[in-house]
$ cat structure-v2.pdb   # PDB, C-alpha atoms, pLDDT in the B column
MODEL        1
ATOM      1  CA  MET W   1      -5.926  20.168 -12.962  1.00 74.00           C
ATOM      2  CA  ASP W   2      -7.173  17.465 -10.593  1.00 82.00           C
ATOM      3  CA  ALA W   3      -4.840  14.925 -12.175  1.00 82.00           C
ATOM      4  CA  TYR W   4      -1.784  17.010 -11.248  1.00 89.00           C
ATOM      5  CA  ILE W   5      -2.559  17.536  -7.566  1.00 90.00           C
ATOM      6  CA  PRO W   6      -1.268  14.086  -6.453  1.00 89.00           C
ATOM      7  CA  LEU W   7       1.922  14.668  -8.421  1.00 86.00           C
ATOM      8  CA  ILE W   8       2.423  18.088  -6.858  1.00 88.00           C
ATOM      9  CA  VAL W   9       1.835  16.702  -3.357  1.00 90.00           C
ATOM     10  CA  SER W  10       4.256  13.817  -4.030  1.00 87.00           C
ATOM     11  CA  ALA W  11       6.895  16.223  -5.331  1.00 87.00           C
ATOM     12  CA  LEU W  12       6.374  18.414  -2.273  1.00 89.00           C
ATOM     13  CA  GLY W  13       6.796  15.393  -0.011  1.00 86.00           C
ATOM     14  CA  GLY W  14       9.964  14.462  -1.843  1.00 84.00           C
ATOM     15  CA  THR W  15      11.272  18.007  -1.594  1.00 84.00           C
ATOM     16  CA  LEU W  16      10.606  18.327   2.131  1.00 85.00           C
ATOM     17  CA  LEU W  17      11.165  14.799   3.413  1.00 83.00           C
ATOM     18  CA  GLY W  18      13.578  13.568   0.731  1.00 78.00           C
ATOM     19  CA  PRO W  19      16.678  15.429   1.949  1.00 79.00           C
ATOM     20  CA  VAL W  20      15.925  14.453   5.558  1.00 81.00           C
ATOM     21  CA  VAL W  21      15.659  10.764   4.702  1.00 76.00           C
ATOM     22  CA  ALA W  22      18.698  10.984   2.422  1.00 73.00           C
ATOM     23  CA  ARG W  23      20.765  12.608   5.195  1.00 76.00           C
ATOM     24  CA  LEU W  24      19.658  10.001   7.727  1.00 78.00           C
ATOM     25  CA  LEU W  25      20.736   7.253   5.343  1.00 73.00           C
ATOM     26  CA  GLY W  26      24.075   8.869   4.500  1.00 70.00           C
ATOM     27  CA  GLY W  27      23.315  10.937   1.398  1.00 67.00           C
ATOM     28  CA  GLY W  28      23.567  14.666   1.302  1.00 65.00           C
ATOM     29  CA  GLY W  29      22.760  18.210   0.440  1.00 60.00           C
ATOM     30  CA  LEU W  30      21.463  19.757  -2.725  1.00 65.00           C
ATOM     31  CA  VAL W  31      21.382  16.467  -4.567  1.00 65.00           C
ATOM     32  CA  GLY W  32      18.832  15.357  -1.965  1.00 63.00           C
ATOM     33  CA  VAL W  33      16.470  18.173  -2.961  1.00 71.00           C
ATOM     34  CA  VAL W  34      16.706  17.496  -6.692  1.00 74.00           C
ATOM     35  CA  GLY W  35      16.497  13.772  -6.043  1.00 73.00           C
ATOM     36  CA  GLY W  36      13.540  14.412  -3.765  1.00 75.00           C
ATOM     37  CA  VAL W  37      11.492  16.014  -6.507  1.00 80.00           C
ATOM     38  CA  LEU W  38      12.317  13.356  -9.081  1.00 82.00           C
ATOM     39  CA  GLY W  39      12.041  10.480  -6.635  1.00 81.00           C
ATOM     40  CA  GLY W  40       8.768  11.770  -5.213  1.00 81.00           C
ATOM     41  CA  VAL W  41       7.078  11.821  -8.595  1.00 85.00           C
ATOM     42  CA  ALA W  42       8.645   8.475  -9.523  1.00 87.00           C
ATOM     43  CA  ALA W  43       7.416   6.895  -6.291  1.00 85.00           C
ATOM     44  CA  HIS W  44       3.896   8.124  -6.994  1.00 82.00           C
ATOM     45  CA  TYR W  45       3.908   6.566 -10.456  1.00 86.00           C
ATOM     46  CA  GLY W  46       5.512   3.392  -9.092  1.00 87.00           C
ATOM     47  CA  ALA W  47       2.941   2.997  -6.345  1.00 84.00           C
ATOM     48  CA  GLU W  48       0.146   3.561  -8.833  1.00 84.00           C
ATOM     49  CA  ALA W  49       1.615   1.041 -11.294  1.00 87.00           C
ATOM     50  CA  GLY W  50       2.175  -1.445  -8.472  1.00 87.00           C
ATOM     51  CA  GLY W  51      -1.487  -1.329  -7.540  1.00 84.00           C
ATOM     52  CA  ILE W  52      -0.975   0.163  -4.103  1.00 82.00           C
ATOM     53  CA  GLY W  53      -4.349   1.591  -3.302  1.00 77.00           C
ATOM     54  CA  GLN W  54      -5.427   4.018  -0.666  1.00 81.00           C
ATOM     55  CA  LEU W  55      -3.814   2.451   2.383  1.00 85.00           C
ATOM     56  CA  LEU W  56      -4.580   5.303   4.780  1.00 84.00           C
ATOM     57  CA  GLY W  57      -8.218   5.747   3.822  1.00 82.00           C
ATOM     58  CA  SER W  58     -10.326   7.253   1.120  1.00 85.00           C
ATOM     59  CA  SER W  59     -10.916  10.713   2.559  1.00 90.00           C
ATOM     60  CA  PRO W  60      -9.195  13.491   0.588  1.00 89.00           C
ATOM     61  CA  MET W  61      -6.914  14.389   3.498  1.00 92.00           C
ATOM     62  CA  MET W  62      -5.671  10.816   3.871  1.00 91.00           C
ATOM     63  CA  VAL W  63      -5.097  10.483   0.131  1.00 89.00           C
ATOM     64  CA  HIS W  64      -2.977  13.659   0.174  1.00 90.00           C
ATOM     65  CA  LEU W  65      -1.097  12.422   3.239  1.00 91.00           C
ATOM     66  CA  GLN W  66      -0.355   9.117   1.511  1.00 90.00           C
ATOM     67  CA  ASN W  67       0.881  10.948  -1.589  1.00 89.00           C
ATOM     68  CA  PHE W  68       3.084  13.143   0.619  1.00 90.00           C
ATOM     69  CA  ILE W  69       4.571  10.125   2.401  1.00 89.00           C
ATOM     70  CA  GLU W  70       5.111   8.248  -0.869  1.00 86.00           C
ATOM     71  CA  GLY W  71       6.945  11.264  -2.218  1.00 86.00           C
ATOM     72  CA  GLY W  72       9.062  11.552   0.903  1.00 85.00           C
ATOM     73  CA  ILE W  73      10.125   7.918   0.829  1.00 85.00           C
ATOM     74  CA  GLY W  74      10.804   7.896  -2.902  1.00 84.00           C
ATOM     75  CA  GLY W  75      12.618  11.204  -2.701  1.00 82.00           C
ATOM     76  CA  GLY W  76      14.762   9.976   0.166  1.00 80.00           C
ATOM     77  CA  VAL W  77      15.796   6.814  -1.632  1.00 82.00           C
ATOM     78  CA  PHE W  78      16.501   8.613  -4.903  1.00 81.00           C
ATOM     79  CA  GLY W  79      18.318  11.422  -3.072  1.00 76.00           C
ATOM     80  CA  LEU W  80      20.447   8.862  -1.254  1.00 78.00           C
ATOM     81  CA  LEU W  81      21.380   7.079  -4.468  1.00 80.00           C
ATOM     82  CA  ALA W  82      22.132  10.331  -6.270  1.00 76.00           C
ATOM     83  CA  GLY W  83      24.159  11.589  -3.298  1.00 72.00           C
ATOM     84  CA  LEU W  84      26.210   8.413  -3.179  1.00 76.00           C
ATOM     85  CA  ALA W  85      26.837   8.586  -6.918  1.00 77.00           C
ATOM     86  CA  VAL W  86      28.111  12.162  -6.620  1.00 72.00           C
ATOM     87  CA  LYS W  87      30.318  11.338  -3.602  1.00 70.00           C
ATOM     88  CA  LYS W  88      32.104   8.533  -5.450  1.00 65.00           C
ATOM     89  CA  ARG W  89      33.580  10.951  -7.994  1.00 61.00           C
TER
ENDMDL
END
$ encode --input "structure-v2.pdb" --output "structure tokens"
Amino acid sequence: MDAYIPLIVSALGGTLLGPVVARLLGGGGLVGVVGGVLGGVAAHYGAEAGGIGQLLGSSPMMVHLQNFIEGGIGGGVFGLLAGLAVKKR
């Protein structure tokens, strides 16, 4: 179960912050939420594969905060791209 907690926190960050970031960058709506979940998890895996360590510290709270922020940024970018793809139709 411990292996899934960072993924859940990243998905939560993407769900909550993803639509906000997507809206600020010109994306929109429901696609931002779905994109937030997918982008949040993808950003977590990408940061891990890229070797980005614990930038905010090694305490459990800071690790969760970093996962949340990673998810929010990844979710926002993915939500923006998905929103723009849907708008072009």
$ resolve_selection --input "structure-v2.pdb" --expression "the PyMOL selection byres ((chain W and resi 11) around 7)" --output "VMD selection string"
chain W and resid 7 to 10 12 to 15 37 40 to 41 71
$ atom_distance --input "structure-v2.pdb" --atom1 "CA of Asn67 in chain W" --atom2 "CA of Ala82 in chain W"
21.8 Å
$ residues_around --input "structure-v2.pdb" --residues "Phe78 in chain W" --least-positions-apart "6" --cutoff "10 Å" --atoms "all atoms listed in the file" --output "list in words"
Gly14, Gly18, Pro19, Val21, Ala22, Gly27, Val31, Gly32, Val33, Val34, Gly35, Gly36, Val37, Leu38, Gly39, Gly40, Ala42, Ala43, Gly72 and Leu84 of chain W
$ atom_distance --input "structure-v2.pdb" --atom1 "CA of Gly83 in chain W" --atom2 "CA of Leu25 in chain W"
10.3 Å
$ atom_distance --input "structure-v2.pdb" --atom1 "CA of Gly76 in chain W" --atom2 "CA of Leu24 in chain W"
9.0 Å
$ closest_residue --input "structure-v2.pdb" --among "W:Val63, W:Leu17, W:Leu81, W:Ile73" --to "Gly46 in chain W" --atoms "all atoms listed in the file"
W:Ile73
